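Structure file target31.cif; described as mmCIF, C-alpha atoms.
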data_upload
#
loop_
_atom_site.group_PDB
_atom_site.id
_atom_site.type_symbol
_atom_site.label_atom_id
_atom_site.label_comp_id
_atom_site.auth_asym_id
_atom_site.auth_seq_id
_atom_site.Cartn_x
_atom_site.Cartn_y
_atom_site.Cartn_z
ATOM 1 C CA MET A 1 156.689 171.687 204.520
ATOM 2 C CA ASN A 2 160.438 172.386 204.701
ATOM 3 C CA ILE A 3 160.438 173.475 201.060
ATOM 4 C CA GLU A 4 157.533 175.847 201.710
ATOM 5 C CA ARG A 5 159.257 177.330 204.769
ATOM 6 C CA ARG A 6 162.453 177.827 202.752
ATOM 7 C CA ARG A 7 160.524 179.659 200.061
ATOM 8 C CA MET A 8 158.921 181.889 202.682
ATOM 9 C CA ASN A 9 162.321 182.687 204.224
ATOM 10 C CA ASP A 10 163.740 183.453 200.778
ATOM 11 C CA ASN A 11 160.879 185.867 200.122
ATOM 12 C CA VAL A 12 161.392 187.579 203.476
ATOM 13 C CA SER A 13 165.133 187.919 202.777
ATOM 14 C CA LEU A 14 164.463 189.356 199.332
ATOM 15 C CA ASP A 15 161.926 191.846 200.694
ATOM 16 C CA SER A 16 164.306 192.949 203.457
ATOM 17 C CA LEU A 17 167.111 193.436 200.932
ATOM 18 C CA ARG A 18 164.880 195.558 198.714
ATOM 19 C CA LEU A 19 163.895 197.620 201.725
ATOM 20 C CA TYR A 20 167.558 198.153 202.635
ATOM 21 C CA ASP A 21 168.373 199.063 199.022
ATOM 22 C CA ALA A 22 165.655 201.727 199.100
ATOM 23 C CA ALA A 23 166.843 203.075 202.456
ATOM 24 C CA ALA A 24 170.419 203.275 201.138
ATOM 25 C CA ASP A 25 169.237 205.151 198.037
ATOM 26 C CA ASN A 26 167.383 207.620 200.254
ATOM 27 C CA ALA A 27 170.514 208.161 202.344
ATOM 28 C CA ALA A 28 172.548 208.948 199.225
ATOM 29 C CA SER A 29 169.836 211.267 197.939
ATOM 30 C CA SER A 30 169.974 213.329 201.120
ATOM 31 C CA VAL A 31 173.674 214.061 200.529
ATOM 32 C CA ILE A 32 173.174 215.909 197.254
ATOM 33 C CA LYS A 33 170.171 217.759 198.684
ATOM 34 C CA HIS A 34 172.283 219.152 201.519
ATOM 35 C CA TYR A 35 175.417 219.980 199.538
ATOM 36 C CA SER A 36 174.418 221.095 196.047
ATOM 37 C CA SER A 37 171.065 222.738 195.425
ATOM 38 C CA SER A 38 171.851 223.253 191.723
ATOM 39 C CA PHE A 39 172.613 219.604 190.998
ATOM 40 C CA HIS A 40 169.817 218.407 193.262
ATOM 41 C CA ILE A 41 167.328 220.495 191.293
ATOM 42 C CA ALA A 42 168.690 219.290 187.957
ATOM 43 C CA THR A 43 168.555 215.612 188.997
ATOM 44 C CA ARG A 44 164.826 215.942 189.636
ATOM 45 C CA LEU A 45 164.384 215.998 185.863
ATOM 46 C CA TYR A 46 165.920 212.560 185.338
ATOM 47 C CA PRO A 47 163.720 209.456 185.207
ATOM 48 C CA LYS A 48 163.699 207.821 188.637
ATOM 49 C CA PRO A 49 166.221 205.009 187.951
ATOM 50 C CA ILE A 50 168.780 207.432 186.474
ATOM 51 C CA ARG A 51 168.093 210.003 189.187
ATOM 52 C CA ARG A 52 168.790 207.354 191.819
ATOM 53 C CA ASP A 53 172.091 206.288 190.246
ATOM 54 C CA ILE A 54 173.342 209.841 189.652
ATOM 55 C CA ARG A 55 172.648 210.673 193.290
ATOM 56 C CA ASN A 56 174.339 207.484 194.496
ATOM 57 C CA LEU A 57 177.472 208.426 192.548
ATOM 58 C CA TYR A 58 177.364 212.025 193.774
ATOM 59 C CA ALA A 59 177.227 210.920 197.421
ATOM 60 C CA VAL A 60 180.519 209.035 197.103
ATOM 61 C CA VAL A 61 182.176 211.985 195.360
ATOM 62 C CA ARG A 62 180.898 214.368 198.037
ATOM 63 C CA ILE A 63 182.196 212.232 200.895
ATOM 64 C CA ALA A 64 185.645 212.055 199.283
ATOM 65 C CA ASP A 65 185.555 215.856 199.011
ATOM 66 C CA GLU A 66 184.736 216.095 202.714
ATOM 67 C CA ILE A 67 187.736 213.940 203.581
ATOM 68 C CA VAL A 68 190.154 216.285 201.812
ATOM 69 C CA ASP A 69 188.377 219.610 202.405
ATOM 70 C CA GLY A 70 188.875 219.728 206.145
ATOM 71 C CA THR A 71 185.760 218.121 207.615
ATOM 72 C CA LEU A 72 187.685 215.033 208.702
ATOM 73 C CA HIS A 73 190.443 217.193 210.208
ATOM 74 C CA LYS A 74 187.921 219.200 212.234
ATOM 75 C CA ALA A 75 186.209 216.048 213.460
ATOM 76 C CA ASN A 76 189.506 214.491 214.479
ATOM 77 C CA SER A 77 190.628 217.641 216.252
ATOM 78 C CA LEU A 78 187.456 217.596 218.314
ATOM 79 C CA SER A 79 187.731 213.917 219.182
ATOM 80 C CA GLY A 80 191.476 213.740 219.662
ATOM 81 C CA ASN A 81 191.779 211.246 216.803
ATOM 82 C CA THR A 82 195.037 211.807 214.918
ATOM 83 C CA GLU A 83 194.319 209.505 211.958
ATOM 84 C CA CYS A 84 196.124 210.682 208.852
ATOM 85 C CA ILE A 85 193.820 212.189 206.230
ATOM 86 C CA SER A 86 195.743 210.581 203.394
ATOM 87 C CA LYS A 87 195.273 207.142 204.963
ATOM 88 C CA ALA A 88 191.565 207.826 205.384
ATOM 89 C CA LEU A 89 191.299 208.770 201.712
ATOM 90 C CA ALA A 90 193.214 205.669 200.628
ATOM 91 C CA SER A 91 190.978 203.511 202.793
ATOM 92 C CA TYR A 92 187.861 205.097 201.336
ATOM 93 C CA GLU A 93 189.151 204.599 197.789
ATOM 94 C CA GLN A 94 189.725 200.903 198.460
ATOM 95 C CA THR A 95 186.258 200.616 199.981
ATOM 96 C CA ILE A 96 184.641 202.173 196.912
ATOM 97 C CA LEU A 97 186.655 200.173 194.371
ATOM 98 C CA SER A 98 185.858 196.875 196.101
ATOM 99 C CA ALA A 99 182.238 197.745 196.950
ATOM 100 C CA PRO A 100 180.583 196.324 193.782
ATOM 101 C CA HIS A 101 181.895 192.843 194.630
ATOM 102 C CA LYS A 102 179.659 192.601 197.714
ATOM 103 C CA ARG A 103 175.871 192.636 197.803
ATOM 104 C CA PHE A 104 175.558 194.091 201.308
ATOM 105 C CA HIS A 105 177.361 196.931 203.087
ATOM 106 C CA THR A 106 176.763 198.287 206.568
ATOM 107 C CA ASP A 107 177.435 201.797 205.236
ATOM 108 C CA PRO A 108 174.260 202.739 203.298
ATOM 109 C CA ILE A 109 176.103 205.184 201.003
ATOM 110 C CA VAL A 110 178.606 202.504 200.012
ATOM 111 C CA HIS A 111 175.735 200.024 199.617
ATOM 112 C CA ALA A 112 173.841 202.386 197.303
ATOM 113 C CA TYR A 113 176.961 203.113 195.260
ATOM 114 C CA ALA A 114 177.766 199.397 194.902
ATOM 115 C CA ASN A 115 174.315 198.723 193.452
ATOM 116 C CA THR A 116 174.758 201.581 190.966
ATOM 117 C CA ALA A 117 178.266 200.471 189.995
ATOM 118 C CA ARG A 118 177.026 196.964 189.209
ATOM 119 C CA ARG A 119 173.947 198.139 187.321
ATOM 120 C CA CYS A 120 175.821 200.663 185.218
ATOM 121 C CA GLY A 121 179.254 199.106 184.873
ATOM 122 C CA LEU A 122 181.063 202.124 186.336
ATOM 123 C CA SER A 123 184.718 202.242 185.327
ATOM 124 C CA ASP A 124 187.354 201.542 187.980
ATOM 125 C CA ALA A 125 189.850 203.559 185.916
ATOM 126 C CA HIS A 126 187.616 206.627 186.127
ATOM 127 C CA LEU A 127 187.169 206.209 189.891
ATOM 128 C CA GLN A 128 190.933 205.828 190.308
ATOM 129 C CA ALA A 129 191.501 209.041 188.327
ATOM 130 C CA PHE A 130 189.042 210.799 190.610
ATOM 131 C CA PHE A 131 190.860 209.678 193.746
ATOM 132 C CA ARG A 132 194.217 210.709 192.234
ATOM 133 C CA SER A 133 192.872 214.233 191.992
ATOM 134 C CA MET A 134 191.645 214.070 195.574
ATOM 135 C CA ARG A 135 195.178 213.137 196.654
ATOM 136 C CA MET A 136 196.475 216.176 194.778
ATOM 137 C CA ASP A 137 194.324 218.321 197.060
ATOM 138 C CA LEU A 138 196.235 216.918 200.018
ATOM 139 C CA ASN A 139 199.679 217.469 198.525
ATOM 140 C CA THR A 140 199.354 220.646 196.445
ATOM 141 C CA SER A 141 198.716 224.162 197.709
ATOM 142 C CA SER A 142 199.228 226.008 194.418
ATOM 143 C CA PHE A 143 198.315 224.470 191.066
ATOM 144 C CA PRO A 144 200.354 225.333 187.963
ATOM 145 C CA ASP A 145 198.423 224.955 184.720
ATOM 146 C CA SER A 146 199.826 221.482 183.955
ATOM 147 C CA ASP A 147 198.780 220.121 187.350
ATOM 148 C CA LEU A 148 195.422 221.861 187.155
ATOM 149 C CA GLN A 149 194.605 220.170 183.847
ATOM 150 C CA GLN A 150 195.318 216.768 185.378
ATOM 151 C CA TYR A 151 193.312 217.690 188.468
ATOM 152 C CA ILE A 152 190.263 218.801 186.464
ATOM 153 C CA TYR A 153 190.324 215.595 184.432
ATOM 154 C CA GLY A 154 190.115 213.446 187.559
ATOM 155 C CA SER A 155 187.863 215.639 189.663
ATOM 156 C CA ALA A 156 185.345 216.643 186.997
ATOM 157 C CA GLU A 157 185.766 215.229 183.500
ATOM 158 C CA VAL A 158 185.660 211.589 184.606
ATOM 159 C CA ILE A 159 182.493 212.366 186.566
ATOM 160 C CA GLY A 160 180.917 213.307 183.247
ATOM 161 C CA LEU A 161 182.111 210.013 181.778
ATOM 162 C CA LEU A 162 180.716 208.073 184.745
ATOM 163 C CA CYS A 163 177.388 209.824 184.209
ATOM 164 C CA LEU A 164 177.414 208.518 180.637
ATOM 165 C CA ASP A 165 177.757 204.974 182.012
ATOM 166 C CA ILE A 166 174.588 205.638 183.987
ATOM 167 C CA PHE A 167 172.727 207.247 181.064
ATOM 168 C CA TYR A 168 173.470 204.302 178.789
ATOM 169 C CA ALA A 169 173.071 201.476 181.316
ATOM 170 C CA GLU A 170 169.812 200.415 179.663
ATOM 171 C CA THR A 171 170.131 202.292 176.366
ATOM 172 C CA PRO A 172 172.285 201.135 173.423
ATOM 173 C CA ARG A 173 175.306 203.324 172.898
ATOM 174 C CA PRO A 174 175.453 205.258 169.627
ATOM 175 C CA ASP A 175 177.748 204.531 166.697
ATOM 176 C CA SER A 176 181.524 204.829 166.864
ATOM 177 C CA THR A 177 181.449 208.279 165.284
ATOM 178 C CA THR A 178 178.896 209.799 167.658
ATOM 179 C CA TRP A 179 180.139 208.209 170.884
ATOM 180 C CA PRO A 180 183.488 210.095 171.036
ATOM 181 C CA ARG A 181 181.603 213.366 170.483
ATOM 182 C CA ILE A 182 179.305 212.546 173.405
ATOM 183 C CA GLN A 183 182.276 211.656 175.614
ATOM 184 C CA GLU A 184 184.051 214.897 174.738
ATOM 185 C CA GLY A 185 180.864 216.842 175.477
ATOM 186 C CA ALA A 186 180.541 215.199 178.887
ATOM 187 C CA GLN A 187 184.144 216.042 179.695
ATOM 188 C CA ARG A 188 183.771 219.659 178.554
ATOM 189 C CA LEU A 189 180.659 220.117 180.691
ATOM 190 C CA GLY A 190 182.414 218.607 183.699
ATOM 191 C CA ALA A 191 185.424 220.870 183.164
ATOM 192 C CA GLY A 192 183.197 223.923 182.785
ATOM 193 C CA PHE A 193 181.307 223.149 185.990
ATOM 194 C CA GLN A 194 184.579 222.740 187.865
ATOM 195 C CA LYS A 195 186.157 225.952 186.576
ATOM 196 C CA ILE A 196 183.071 227.953 187.514
ATOM 197 C CA ASN A 197 183.160 226.345 190.959
ATOM 198 C CA PHE A 198 186.818 227.325 191.319
ATOM 199 C CA LEU A 199 185.985 230.959 190.592
ATOM 200 C CA ARG A 200 182.898 231.013 192.802
ATOM 201 C CA ASP A 201 184.762 229.428 195.729
ATOM 202 C CA TYR A 202 188.104 231.163 195.164
ATOM 203 C CA ALA A 203 188.048 233.250 198.349
ATOM 204 C CA GLU A 204 187.117 230.279 200.548
ATOM 205 C CA ASP A 205 189.597 227.904 198.887
ATOM 206 C CA THR A 206 192.543 230.269 199.278
ATOM 207 C CA ALA A 207 191.722 231.584 202.747
ATOM 208 C CA ALA A 208 190.221 228.589 204.553
ATOM 209 C CA ARG A 209 191.761 225.651 202.697
ATOM 210 C CA ARG A 210 195.080 227.255 201.708
ATOM 211 C CA ARG A 211 194.557 225.876 198.221
ATOM 212 C CA ASP A 212 195.050 228.044 195.125
ATOM 213 C CA TYR A 213 193.733 226.537 191.899
ATOM 214 C CA TYR A 214 194.365 229.756 189.997
ATOM 215 C CA PRO A 215 197.600 231.457 191.173
ATOM 216 C CA ARG A 216 197.135 233.880 188.266
ATOM 217 C CA LEU A 217 194.301 235.535 190.197
ATOM 218 C CA SER A 218 196.698 236.797 192.868
ATOM 219 C CA ALA A 219 199.074 238.355 190.298
ATOM 220 C CA PRO A 220 199.025 242.042 189.276
ATOM 221 C CA SER A 221 197.160 241.047 186.102
ATOM 222 C CA ALA A 222 194.333 239.441 188.115
ATOM 223 C CA GLU A 223 191.543 241.059 186.102
ATOM 224 C CA GLU A 224 192.957 239.794 182.819
ATOM 225 C CA ALA A 225 193.421 236.323 184.309
ATOM 226 C CA PHE A 226 189.861 236.337 185.681
ATOM 227 C CA ASN A 227 188.396 237.215 182.282
ATOM 228 C CA SER A 228 190.504 234.564 180.574
ATOM 229 C CA ILE A 229 189.500 231.812 183.021
ATOM 230 C CA LEU A 230 185.843 232.777 182.825
ATOM 231 C CA ALA A 231 185.931 232.765 179.012
ATOM 232 C CA GLU A 232 187.551 229.331 179.078
ATOM 233 C CA ALA A 233 184.870 227.997 181.428
ATOM 234 C CA ARG A 234 182.082 229.421 179.264
ATOM 235 C CA SER A 235 183.668 227.876 176.185
ATOM 236 C CA ASP A 236 183.660 224.472 177.887
ATOM 237 C CA LEU A 237 180.020 224.835 178.937
ATOM 238 C CA LEU A 238 178.871 225.921 175.480
ATOM 239 C CA ALA A 239 180.850 223.165 173.747
ATOM 240 C CA GLY A 240 179.339 220.582 176.074
ATOM 241 C CA ALA A 241 175.845 222.026 175.634
ATOM 242 C CA ARG A 242 176.065 221.541 171.876
ATOM 243 C CA THR A 243 176.312 217.770 172.384
ATOM 244 C CA ILE A 244 173.329 217.453 174.741
ATOM 245 C CA LYS A 245 171.045 216.777 171.768
ATOM 246 C CA LEU A 246 173.065 213.605 171.110
ATOM 247 C CA LEU A 247 172.184 212.146 174.519
ATOM 248 C CA PRO A 248 169.143 209.915 175.136
ATOM 249 C CA PRO A 249 166.056 212.204 175.120
ATOM 250 C CA LYS A 250 165.081 211.212 178.665
ATOM 251 C CA VAL A 251 168.256 212.750 180.164
ATOM 252 C CA GLN A 252 168.502 215.862 178.016
ATOM 253 C CA PRO A 253 166.306 218.154 180.216
ATOM 254 C CA ALA A 254 168.349 217.527 183.357
ATOM 255 C CA VAL A 255 171.717 217.994 181.657
ATOM 256 C CA ALA A 256 170.457 221.115 179.888
ATOM 257 C CA ALA A 257 169.156 222.569 183.159
ATOM 258 C CA ALA A 258 172.495 221.985 184.928
ATOM 259 C CA SER A 259 174.345 223.548 181.987
ATOM 260 C CA GLU A 260 172.095 226.611 181.938
ATOM 261 C CA ILE A 261 172.338 227.116 185.706
ATOM 262 C CA TYR A 262 176.125 227.202 185.435
ATOM 263 C CA LEU A 263 176.018 229.520 182.437
ATOM 264 C CA GLU A 264 173.853 231.834 184.532
ATOM 265 C CA LEU A 265 176.397 231.642 187.348
ATOM 266 C CA ALA A 266 179.107 232.495 184.810
ATOM 267 C CA ARG A 267 177.109 235.560 183.770
ATOM 268 C CA LYS A 268 176.783 236.602 187.397
ATOM 269 C CA LEU A 269 180.532 236.211 187.924
ATOM 270 C CA SER A 270 181.250 238.316 184.841
ATOM 271 C CA ARG A 271 179.115 241.137 186.291
ATOM 272 C CA ASN A 272 180.753 240.886 189.723
ATOM 273 C CA PRO A 273 184.487 240.183 189.298
ATOM 274 C CA GLU A 274 185.171 241.871 192.638
ATOM 275 C CA ALA A 275 183.509 238.891 194.345
ATOM 276 C CA VAL A 276 186.508 236.829 193.217
ATOM 277 C CA ILE A 277 189.435 239.218 192.845
ATOM 278 C CA GLY A 278 188.278 242.077 195.052
ATOM 279 C CA THR A 279 189.400 242.860 198.570
ATOM 280 C CA GLY A 280 187.822 242.657 201.993
ATOM 281 C CA ALA A 281 184.047 242.530 202.076
ATOM 282 C CA ASN A 282 183.887 242.659 198.275
ATOM 283 C CA LYS A 283 184.930 239.013 198.174
ATOM 284 C CA ARG A 284 181.930 236.750 198.512
ATOM 285 C CA ARG A 285 180.437 233.510 197.237
ATOM 286 C CA LEU A 286 177.951 234.153 194.439
ATOM 287 C CA SER A 287 174.967 231.934 193.683
ATOM 288 C CA VAL A 288 172.017 231.747 191.313
ATOM 289 C CA PRO A 289 168.766 232.791 193.049
ATOM 290 C CA LYS A 290 166.086 230.132 193.451
ATOM 291 C CA ALA A 291 163.636 232.033 191.237
ATOM 292 C CA ILE A 292 166.083 232.031 188.339
ATOM 293 C CA LYS A 293 166.839 228.336 188.857
ATOM 294 C CA ALA A 294 163.099 227.682 188.750
ATOM 295 C CA ARG A 295 162.822 229.548 185.455
ATOM 296 C CA ILE A 296 165.735 227.601 183.963
ATOM 297 C CA VAL A 297 164.228 224.279 185.064
ATOM 298 C CA SER A 298 160.814 225.311 183.704
ATOM 299 C CA GLN A 299 162.317 226.107 180.321
ATOM 300 C CA ALA A 300 164.130 222.760 180.236
ATOM 301 C CA ILE A 301 160.879 220.969 181.025
ATOM 302 C CA VAL A 302 158.920 222.850 178.373
ATOM 303 C CA ARG A 303 161.527 222.168 175.695
ATOM 304 C CA SER A 304 161.381 218.466 176.525
ATOM 305 C CA GLY A 305 157.597 218.240 176.477
ATOM 306 C CA TYR A 306 157.259 217.486 180.179
ATOM 307 C CA GLY A 307 154.449 220.018 180.541
ATOM 308 C CA ALA A 308 152.332 217.892 182.883
ATOM 309 C CA THR A 309 155.016 217.917 185.579
ATOM 310 C CA LEU A 310 155.975 221.569 185.153
ATOM 311 C CA HIS A 311 153.964 223.082 187.976
ATOM 312 C CA LYS A 312 154.881 220.444 190.564
ATOM 313 C CA LEU A 313 158.626 220.624 189.918
ATOM 314 C CA THR A 314 158.987 224.385 189.626
ATOM 315 C CA ARG A 315 156.936 224.927 192.782
ATOM 316 C CA LYS A 316 159.366 222.754 194.716
ATOM 317 C CA VAL A 317 162.392 224.455 193.163
ATOM 318 C CA GLY A 318 161.141 227.892 194.156
ATOM 319 C CA ALA A 319 160.127 226.890 197.665
#

Once more with this new file: its structure as structure tokens, please.
Amino acid sequence: MNIERRRMNDNVSLDSLRLYDAAADNAASSVIKHYSSSFHIATRLYPKPIRRDIRNLYAVVRIADEIVDGTLHKANSLSGNTECISKALASYEQTILSAPHKRFHTDPIVHAYANTARRCGLSDAHLQAFFRSMRMDLNTSSFPDSDLQQYIYGSAEVIGLLCLDIFYAETPRPDSTTWPRIQEGAQRLGAGFQKINFLRDYAEDTAARRRDYYPRLSAPSAEEAFNSILAEARSDLLAGARTIKLLPPKVQPAVAAASEIYLELARKLSRNPEAVIGTGANKRRLSVPKAIKARIVSQAIVRSGYGATLHKLTRKVGA
């Protein structure tokens, strides 16, 4: 009788843990949906387990961004809390690095991330590099090229490498010749995404956050600098795109869609340089229209042979 009751309690505990895991995953998923429509759309093309883990990782990255981008400062100003932002970031870093060692967390985002980190063997060194870049945001207002390279590695390139850990969690990694090419491709895509983001958000970063990733854009030769940065970003995106075919087939459509969306944004920037380096009302944040994103996603699905899910996904993208 006691043995039977113990088994029943164990089953109840296991069911409740699974329910909490699912709720935590849903909480993490809502973060990417609210903050990045492009990446949210692209993640819909991943198989469910990979989609879940990519979104769990993104949620942690997004929250760290919010700590350094002013959201915490605004909240503290409203509440009278004078907690130092750098201490909050350090505390969050320690929480994330130690999270995989515990099976339960009261914070559902941390709980979801911990499950992903254990499943996929996410690298502490890559997470530490990411948080180093976040600290640079707190201590640097103008980024010379040497600092910017280090910043992009930690804020974007290692995210690509962490995504590879997720892609290959249940898939054997390729041979020692192919694997470095895949890693370089992931880093180039991450760098390209980040550089395009810098250009798109340049007006907001410099005006609202007092943070200048590209001081060259405020020099007399701004147009030349803009063209050079954009060409560099496109080169990164194209170099990364050439390695997508080396990835597991099941993740190729999503990565290709994200790459193409950013290439489209690069094309839009090239046609509207005044949005970045113009004056007054000419400065604005550009984006890729939903209809074009839907077309890009549709093409990625068709190329992958996902025809049966085409209508359902593209309808939701264009909604």

- Message: Env of Arg62 of chain A: 12 Å cut, atoms = only C-alpha atoms, seq-sep filter 3 positions within chain, self excluded. Answer as a list of chain:residue names.
- Response: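 These residues fall inside the cut-off: A:Ala28, A:Ser29, A:Ser30, A:Val31, A:Ile32, A:Lys33, A:His34, A:Tyr35, A:Ser36, A:Arg55, A:Asn56, A:Leu57, A:Tyr58, A:Ala59, A:Asp65, A:Glu66, A:Ile67, A:Val68, A:Asp69, A:Thr71, A:Ile109, A:Phe130, A:Phe131, A:Met134, A:Ser155, A:Ile159.
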
Would you mind exporting C-alpha atoms of the selected residues as a short mmCIF file (atom, residue, chain, number, x, y, z; two decimals), in the coordinates of the input?
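Final output, saved to out.cif:
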data_model
loop_
_atom_site.label_atom_id
_atom_site.label_comp_id
_atom_site.auth_asym_id
_atom_site.auth_seq_id
_atom_site.Cartn_x
_atom_site.Cartn_y
_atom_site.Cartn_z
CA ALA A 28 172.55 208.95 199.22
CA SER A 29 169.84 211.27 197.94
CA SER A 30 169.97 213.33 201.12
CA VAL A 31 173.67 214.06 200.53
CA ILE A 32 173.17 215.91 197.25
CA LYS A 33 170.17 217.76 198.68
CA HIS A 34 172.28 219.15 201.52
CA TYR A 35 175.42 219.98 199.54
CA SER A 36 174.42 221.10 196.05
CA ARG A 55 172.65 210.67 193.29
CA ASN A 56 174.34 207.48 194.50
CA LEU A 57 177.47 208.43 192.55
CA TYR A 58 177.36 212.02 193.77
CA ALA A 59 177.23 210.92 197.42
CA ASP A 65 185.56 215.86 199.01
CA GLU A 66 184.74 216.10 202.71
CA ILE A 67 187.74 213.94 203.58
CA VAL A 68 190.15 216.28 201.81
CA ASP A 69 188.38 219.61 202.40
CA THR A 71 185.76 218.12 207.62
CA ILE A 109 176.10 205.18 201.00
CA PHE A 130 189.04 210.80 190.61
CA PHE A 131 190.86 209.68 193.75
CA MET A 134 191.64 214.07 195.57
CA SER A 155 187.86 215.64 189.66
CA ILE A 159 182.49 212.37 186.57
#

- Message: When the PyMOL selection byres ((chain A and resi 50) around 10) is applied to the structure above, which residues does it catch, written out as JSON, numbers by chain?
- Response: {"A": [43, 44, 45, 46, 47, 48, 49, 51, 52, 53, 54, 55, 56, 116, 120, 163, 166, 167, 168, 169, 170, 250, 251]}

For the residues in that selection, give me C-alpha atoms as a CSV table (one decimal), keeping the file's coordinate frame.
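Result saved to selection_25.csv:
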chain,number,residue,atom,x,y,z
A,43,THR,CA,168.6,215.6,189.0
A,44,ARG,CA,164.8,215.9,189.6
A,45,LEU,CA,164.4,216.0,185.9
A,46,TYR,CA,165.9,212.6,185.3
A,47,PRO,CA,163.7,209.5,185.2
A,48,LYS,CA,163.7,207.8,188.6
A,49,PRO,CA,166.2,205.0,188.0
A,51,ARG,CA,168.1,210.0,189.2
A,52,ARG,CA,168.8,207.4,191.8
A,53,ASP,CA,172.1,206.3,190.2
A,54,ILE,CA,173.3,209.8,189.7
A,55,ARG,CA,172.6,210.7,193.3
A,56,ASN,CA,174.3,207.5,194.5
A,116,THR,CA,174.8,201.6,191.0
A,120,CYS,CA,175.8,200.7,185.2
A,163,CYS,CA,177.4,209.8,184.2
A,166,ILE,CA,174.6,205.6,184.0
A,167,PHE,CA,172.7,207.2,181.1
A,168,TYR,CA,173.5,204.3,178.8
A,169,ALA,CA,173.1,201.5,181.3
A,170,GLU,CA,169.8,200.4,179.7
A,250,LYS,CA,165.1,211.2,178.7
A,251,VAL,CA,168.3,212.8,180.2

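Coordinates place atom CA of Pro289 of chain A at a distance of 18.6 Å from atom CA of Ile301 of chain A.
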
- Task: May I have the residues within 9 Å of Ala203 of chain A as number ranges by chain, using only C-alpha atoms and disregarding those fewer than 5 positions away in the same chain?
- Result: A: 208, 275-277, 283-285

- Task: Figure out the distance between atom CA of Ala156 of chain A and atom CA of Asn227 of chain A, please, to one decimal in Å.
- Result: 21.3 Å

- Item | Pick from A:Gly305, A:Pro180, A:Pro273, A:Pro248 nearest to Leu230 of chain A, counting only C-alpha atoms | A:Pro273

- Message: One number please: atom CA of Ser218 of chain A to atom CA of Tyr262 of chain A, in Å, one decimal.
- Response: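 Spanning atom CA of Ser218 of chain A to atom CA of Tyr262 of chain A is a straight-line distance of 23.9 Å.
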
- Any idea what's packed within 6 Å of Gly154 of chain A, counting only C-alpha atoms, ignoring anything in its chain fewer than 4 positions away? Could you give it as a ChimeraX atom specification? /A:129-130,133,158

Selection to disk with C-alpha atoms, as a PDB file, keeping the file's coordinate frame:
ATOM      1  CA  ALA A 129     191.501 209.041 188.327  1.00  0.00           C
ATOM      2  CA  PHE A 130     189.042 210.799 190.610  1.00  0.00           C
ATOM      3  CA  SER A 133     192.872 214.233 191.992  1.00  0.00           C
ATOM      4  CA  VAL A 158     185.660 211.589 184.606  1.00  0.00           C
TER       5      VAL A 158
END

- Task: Find the residue from A:Leu164, A:Val255, A:Ile96, A:Ala88 that sits nearest to Gly121 of chain A; use all atoms listed in the file when measuring.
- Result: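 Selected residue with least distance to Gly121 of chain A: A:Leu164.
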
- Tell me which of A:Ala99, A:Ala257, A:Leu161, A:Leu89 sits closest to Ser38 of chain A, counting all atoms listed in the file. A:Ala257

- Task: Would you translate the PyMOL selection byres ((chain A and resi 110) around 12) into the concrete set of residues it matches in this file, as a PyMOL selection string?
- Result: chain A and resi 21+24-25+27-28+56-61+63-64+92-109+111-117

- Query: What lies within 12 Å of Gly70 of chain A using all atoms listed in the file, ignoring chain neighbours under 3 positions off, as a list of chain:residue names?
  - Reply: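 The neighbour list is A:Ile63, A:Ala64, A:Asp65, A:Glu66, A:Ile67, A:His73, A:Lys74, A:Ala75, A:Asn76, A:Ser77, A:Cys84, A:Ile85, A:Ser86, A:Asp137, A:Leu138, A:Asp205, A:Ala208, A:Arg209, A:Arg210, A:Arg211.
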
- Close residues, segment 237-240 of chain A itself excluded, 12 Å, only C-alpha atoms, min 6 positions apart in chain, as a PyMOL selection string: chain A and resi 157+160+181-196+230-231+246-247+252+255-266

- Item | Nearest to Ala207 of chain A, chosen from A:Tyr151, A:Trp179, A:Leu122, A:Ser141, with only C-alpha atoms counted in the distances | A:Ser141

What are the centre and the three edge lengths of an axis-aligned box that wraps all atoms of segment 58-73 of chain A in the file, given that 5 Å is added to every side, written as JSON and rounded to one decimal in Å?
{"center_x": 183.8, "center_y": 214.4, "center_z": 202.0, "size_x": 23.2, "size_y": 20.7, "size_z": 26.4}
